[in-house]
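Reviewing the structure listed below.
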Amino acid sequence: MLVSVTMLLNSIGYNETPITVNEKMKKAGGFQGAFFIPSVLPYVWRNCDYRDMQPCETFPAPIAQIDAAVAAGKPVILQVDWNNQVGIQTHFVLVKEKQGDDYVIYDTYKYIGDSQHREVLLTKRYKYNGATLKNEISAVLWFDSFNTAPPVLPKVPLPADKYVLYAVEDDLALHAVPSVGYIWKRVAMDTELICLEPKTTAQVKLGVNGQWVPVQDPDGDQGYVPAWHVSDVKGQPATTSTTAQTPDSGGPLKVFLCHSSSDKPMARELYQRLAVKKNIDPWLGENKLLPGVDWNREIIQAIKK
């Protein structure tokens, strides 16, 4: 994945090599052992916005969604099976464009006859599961990117009365405008943010969807954060109104994590990230299923909840 990510970064305007990406990711905590953690990318490369990884080993790949993303100019990395051994032999490729019923790809593996002038089609090279896109793609990594110049914002002086807010979500985006738009950067949960407007103005916004608060982060970067993802008490949600609840119970949002064996490390990472949130109750089999219980019954009950 490292080389595919390097190609992706260079396609959106950066100038990186696998060596520089590896070093920067290690410095930012972007590895869990040998496991590459793509959610760390926005912390290092602000114009690269990692959205999600969608496994599709046991069902057809979402071709229509991939087509739409590629047509919109969004970077997409695909996981494929690179040989005919039993199980998915994981390999990652970057989509260049759609061509007929296939994808032209940038491939880190080089084969006899490959050259910069020869296009590589996914299903002509990787064809161990029926040679169709819906079967050859076993996972999709979704990204977004921002290639246009951000708005130029005047530096706002810090208020005399320091009002401190804290990020209550990991990967909280610092936006250039008070809306879902250009993202300056992302900050970790519990990052201290100095509010740039009067305390009385900001307080009534906390926990309210659609409201934005101007802030300055510890690096001195200024921008806007969604008011429903910040709090003036560290480690606590903004208000009870920000706590995601299920329609029937009024409790925390329950998230059932379903994954393939090859995606277990990513599922564990996601579980750990969700488990620290006070408004989410994640469910992962290895953390919830005890020895001796009826696993099928427990899983069905968890899904029903």
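Chains: A, B, ... in order of the structure tokens. Residues: from 1 per chain. Ligands: from 1, in order shown.
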### Query
Contacts of range 36-40 of chain A at 7 Å or less, counting only C-alpha atoms, minus same-chain residues fewer than 5 places along, as a list in words?
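Listing them by chain and then by number gives Gly30, Phe31 and Tyr50 of chain A.
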#### Entry: Near-Leu122 in chain A list (6 Å; only C-alpha atoms; drop same-chain fewer than 3 positions) as a list in words
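The residues satisfying every condition are Tyr103, Arg125 and Tyr126 of chain A.
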#### Entry: CA of Gln85 in chain A to CA of Lys127 in chain A, straight-line distance in Å
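Spanning CA of Lys127 in chain A to CA of Gln85 in chain A is a straight-line distance of 12.2 Å.
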#### Entry: Option closest in space to Lys134 in chain A, from A:Glu192, A:Asp171, A:Asp67, A:Asp114 [counting only C-alpha atoms]
A:Asp67
### Query
Quick one: distance from CA of Pro157 in chain A to CA of Val213 in chain A in Å, one decimal?
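Interatomic distance, CA of Pro157 in chain A to CA of Val213 in chain A: 14.9 Å.
Atom pair CA of Cys258 in chain A / CA of Thr58 in chain A: separated by 11.6 Å.
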### Query
Which neighbours of Phe59 in chain A fall inside 12 Å, counting only C-alpha atoms, when residues of the same chain fewer than 4 positions from it are skipped, and could you give them as JSON, numbers by chain?
{"A": [54, 55, 63, 133, 134, 135, 136, 137, 138, 139, 260]}
Same residues, N, CA, C and O atoms, output as a PDB file, in the first residue's frame:
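The result, stored in out.pdb:
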```
ATOM      1  N   GLN A  54     -13.532   0.070   2.387  1.00  0.00           N
ATOM      2  CA  GLN A  54     -14.747  -0.728   2.254  1.00  0.00           C
ATOM      3  C   GLN A  54     -14.388  -2.120   1.746  1.00  0.00           C
ATOM      4  O   GLN A  54     -14.089  -2.306   0.573  1.00  0.00           O
ATOM      5  N   PRO A  55     -14.399  -3.123   2.634  1.00  0.00           N
ATOM      6  CA  PRO A  55     -14.115  -4.488   2.187  1.00  0.00           C
ATOM      7  C   PRO A  55     -15.251  -5.014   1.309  1.00  0.00           C
ATOM      8  O   PRO A  55     -16.421  -4.699   1.532  1.00  0.00           O
ATOM      9  N   ILE A  63     -19.056  -0.988  -8.004  1.00  0.00           N
ATOM     10  CA  ILE A  63     -18.503  -0.418  -9.232  1.00  0.00           C
ATOM     11  C   ILE A  63     -19.095   0.964  -9.539  1.00  0.00           C
ATOM     12  O   ILE A  63     -18.375   1.882  -9.951  1.00  0.00           O
ATOM     13  N   LEU A 133     -14.566  -6.822 -12.828  1.00  0.00           N
ATOM     14  CA  LEU A 133     -14.264  -5.839 -11.795  1.00  0.00           C
ATOM     15  C   LEU A 133     -14.955  -6.162 -10.474  1.00  0.00           C
ATOM     16  O   LEU A 133     -14.357  -6.060  -9.397  1.00  0.00           O
ATOM     17  N   LYS A 134     -16.221  -6.552 -10.548  1.00  0.00           N
ATOM     18  CA  LYS A 134     -16.987  -6.758  -9.315  1.00  0.00           C
ATOM     19  C   LYS A 134     -16.430  -7.905  -8.479  1.00  0.00           C
ATOM     20  O   LYS A 134     -16.631  -7.940  -7.266  1.00  0.00           O
ATOM     21  N   ASN A 135     -15.716  -8.851  -9.133  1.00  0.00           N
ATOM     22  CA  ASN A 135     -15.160  -9.979  -8.400  1.00  0.00           C
ATOM     23  C   ASN A 135     -13.676  -9.828  -8.087  1.00  0.00           C
ATOM     24  O   ASN A 135     -13.193 -10.387  -7.100  1.00  0.00           O
ATOM     25  N   GLU A 136     -12.949  -9.108  -8.918  1.00  0.00           N
ATOM     26  CA  GLU A 136     -11.509  -8.978  -8.707  1.00  0.00           C
ATOM     27  C   GLU A 136     -11.171  -7.969  -7.616  1.00  0.00           C
ATOM     28  O   GLU A 136     -10.124  -8.065  -6.989  1.00  0.00           O
ATOM     29  N   ILE A 137     -12.032  -7.000  -7.383  1.00  0.00           N
ATOM     30  CA  ILE A 137     -11.775  -5.988  -6.359  1.00  0.00           C
ATOM     31  C   ILE A 137     -12.259  -6.509  -5.011  1.00  0.00           C
ATOM     32  O   ILE A 137     -13.441  -6.820  -4.845  1.00  0.00           O
ATOM     33  N   SER A 138     -11.349  -6.614  -4.050  1.00  0.00           N
ATOM     34  CA  SER A 138     -11.718  -7.161  -2.739  1.00  0.00           C
ATOM     35  C   SER A 138     -11.829  -6.089  -1.652  1.00  0.00           C
ATOM     36  O   SER A 138     -12.263  -6.380  -0.542  1.00  0.00           O
ATOM     37  N   ALA A 139     -11.447  -4.859  -1.971  1.00  0.00           N
ATOM     38  CA  ALA A 139     -11.629  -3.748  -1.028  1.00  0.00           C
ATOM     39  C   ALA A 139     -11.390  -2.444  -1.777  1.00  0.00           C
ATOM     40  O   ALA A 139     -10.661  -2.408  -2.777  1.00  0.00           O
ATOM     41  N   SER A 260     -13.683  -9.019   7.195  1.00  0.00           N
ATOM     42  CA  SER A 260     -13.061 -10.265   6.762  1.00  0.00           C
ATOM     43  C   SER A 260     -11.820 -10.511   7.610  1.00  0.00           C
ATOM     44  O   SER A 260     -11.335  -9.620   8.315  1.00  0.00           O
TER      45      SER A 260
END
```
### Task
Run DSSP on the backbone and give me the residues of range 46-157 of chain A it puts in strand (DSSP E or B), as a ChimeraX atom specification.
/A:48-55,76-81,90-99,102-107,120-121,137-145
### Task
Go through A:Gln211, A:Ala202, A:Ala238, A:His175 one by one, measure the shortest atom-to-atom distance of each to Gly223 in chain A using only C-alpha atoms, and give the residue with the smallest value.
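Among the listed residues, A:His175 lies closest to Gly223 in chain A.
Among the candidate residues A:Tyr109, A:Phe256, A:Tyr128, A:Tyr166, the one lying nearest to Val215 in chain A is A:Tyr166, with distances computed using only C-alpha atoms.
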### Message
DSSP on the backbone, helix (DSSP H, G or I) only: what residues of range 99-277 of chain A does that give? Format it as a ChimeraX atom specification.
### Response
/A:122-125,133-136,199-203,227-229,240-242,261-275
### Query
Using only C-alpha atoms, which residues sit within 12 Å of Thr200 in chain A once same-chain residues fewer than 6 positions away are excluded, as a list in words?
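So, after excluding close chain neighbours, the residues are Asp161, Tyr163, Leu206 and Val213 of chain A.
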Can those selected residues be exported to a file as a PDB file, in the first residue's frame so that it contains all heavy atoms?
```
ATOM      1  N   ASP A 161      -9.895  37.331  26.800  1.00  0.00           N
ATOM      2  CA  ASP A 161     -10.370  36.246  27.669  1.00  0.00           C
ATOM      3  C   ASP A 161     -10.250  34.938  26.903  1.00  0.00           C
ATOM      4  O   ASP A 161     -11.010  34.678  25.966  1.00  0.00           O
ATOM      5  CB  ASP A 161     -11.821  36.479  28.082  1.00  0.00           C
ATOM      6  CG  ASP A 161     -11.969  37.667  29.022  1.00  0.00           C
ATOM      7  OD1 ASP A 161     -11.000  37.938  29.754  1.00  0.00           O
ATOM      8  OD2 ASP A 161     -13.034  38.306  28.998  1.00  0.00           O
ATOM      9  N   TYR A 163     -10.817  31.443  25.882  1.00  0.00           N
ATOM     10  CA  TYR A 163     -11.853  30.412  26.020  1.00  0.00           C
ATOM     11  C   TYR A 163     -11.370  29.181  25.267  1.00  0.00           C
ATOM     12  O   TYR A 163     -11.223  29.195  24.041  1.00  0.00           O
ATOM     13  CB  TYR A 163     -13.178  30.915  25.457  1.00  0.00           C
ATOM     14  CG  TYR A 163     -14.325  29.931  25.563  1.00  0.00           C
ATOM     15  CD1 TYR A 163     -14.527  29.186  26.722  1.00  0.00           C
ATOM     16  CD2 TYR A 163     -15.221  29.766  24.501  1.00  0.00           C
ATOM     17  CE1 TYR A 163     -15.587  28.298  26.822  1.00  0.00           C
ATOM     18  CE2 TYR A 163     -16.287  28.886  24.596  1.00  0.00           C
ATOM     19  CZ  TYR A 163     -16.469  28.156  25.758  1.00  0.00           C
ATOM     20  OH  TYR A 163     -17.515  27.264  25.854  1.00  0.00           O
ATOM     21  N   LEU A 206     -22.239  25.280  20.925  1.00  0.00           N
ATOM     22  CA  LEU A 206     -21.694  23.960  21.221  1.00  0.00           C
ATOM     23  C   LEU A 206     -22.778  22.894  21.200  1.00  0.00           C
ATOM     24  O   LEU A 206     -23.830  23.035  21.824  1.00  0.00           O
ATOM     25  CB  LEU A 206     -20.998  23.966  22.582  1.00  0.00           C
ATOM     26  CG  LEU A 206     -19.814  24.919  22.732  1.00  0.00           C
ATOM     27  CD1 LEU A 206     -19.151  24.729  24.086  1.00  0.00           C
ATOM     28  CD2 LEU A 206     -18.807  24.735  21.609  1.00  0.00           C
ATOM     29  N   VAL A 213     -17.434  27.179  14.734  1.00  0.00           N
ATOM     30  CA  VAL A 213     -16.713  28.022  15.687  1.00  0.00           C
ATOM     31  C   VAL A 213     -15.307  28.301  15.145  1.00  0.00           C
ATOM     32  O   VAL A 213     -14.580  27.369  14.792  1.00  0.00           O
ATOM     33  CB  VAL A 213     -16.598  27.338  17.058  1.00  0.00           C
ATOM     34  CG1 VAL A 213     -15.855  28.239  18.044  1.00  0.00           C
ATOM     35  CG2 VAL A 213     -17.976  26.977  17.598  1.00  0.00           C
TER      36      VAL A 213
END
```
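Between Val5 in chain A and the candidates A:Asp190, A:Asp107, A:Asp81, A:Glu169, the tightest atom-to-atom separation, counting only C-alpha atoms, involves A:Asp107.
Counting only C-alpha atoms and comparing A:Ser11, A:Gln236, A:Trp82, A:Gly130, the residue that lies closest to Pro60 in chain A is A:Gly130.
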### Task
Determine, counting only C-alpha atoms, which protein, DNA and RNA residues have an atom within 9 Å of an atom of Gly210 in chain A; residues of the same chain fewer than 4 positions away are not included. Present the result as a VMD selection string.
chain A and resid 179 205 226 to 228
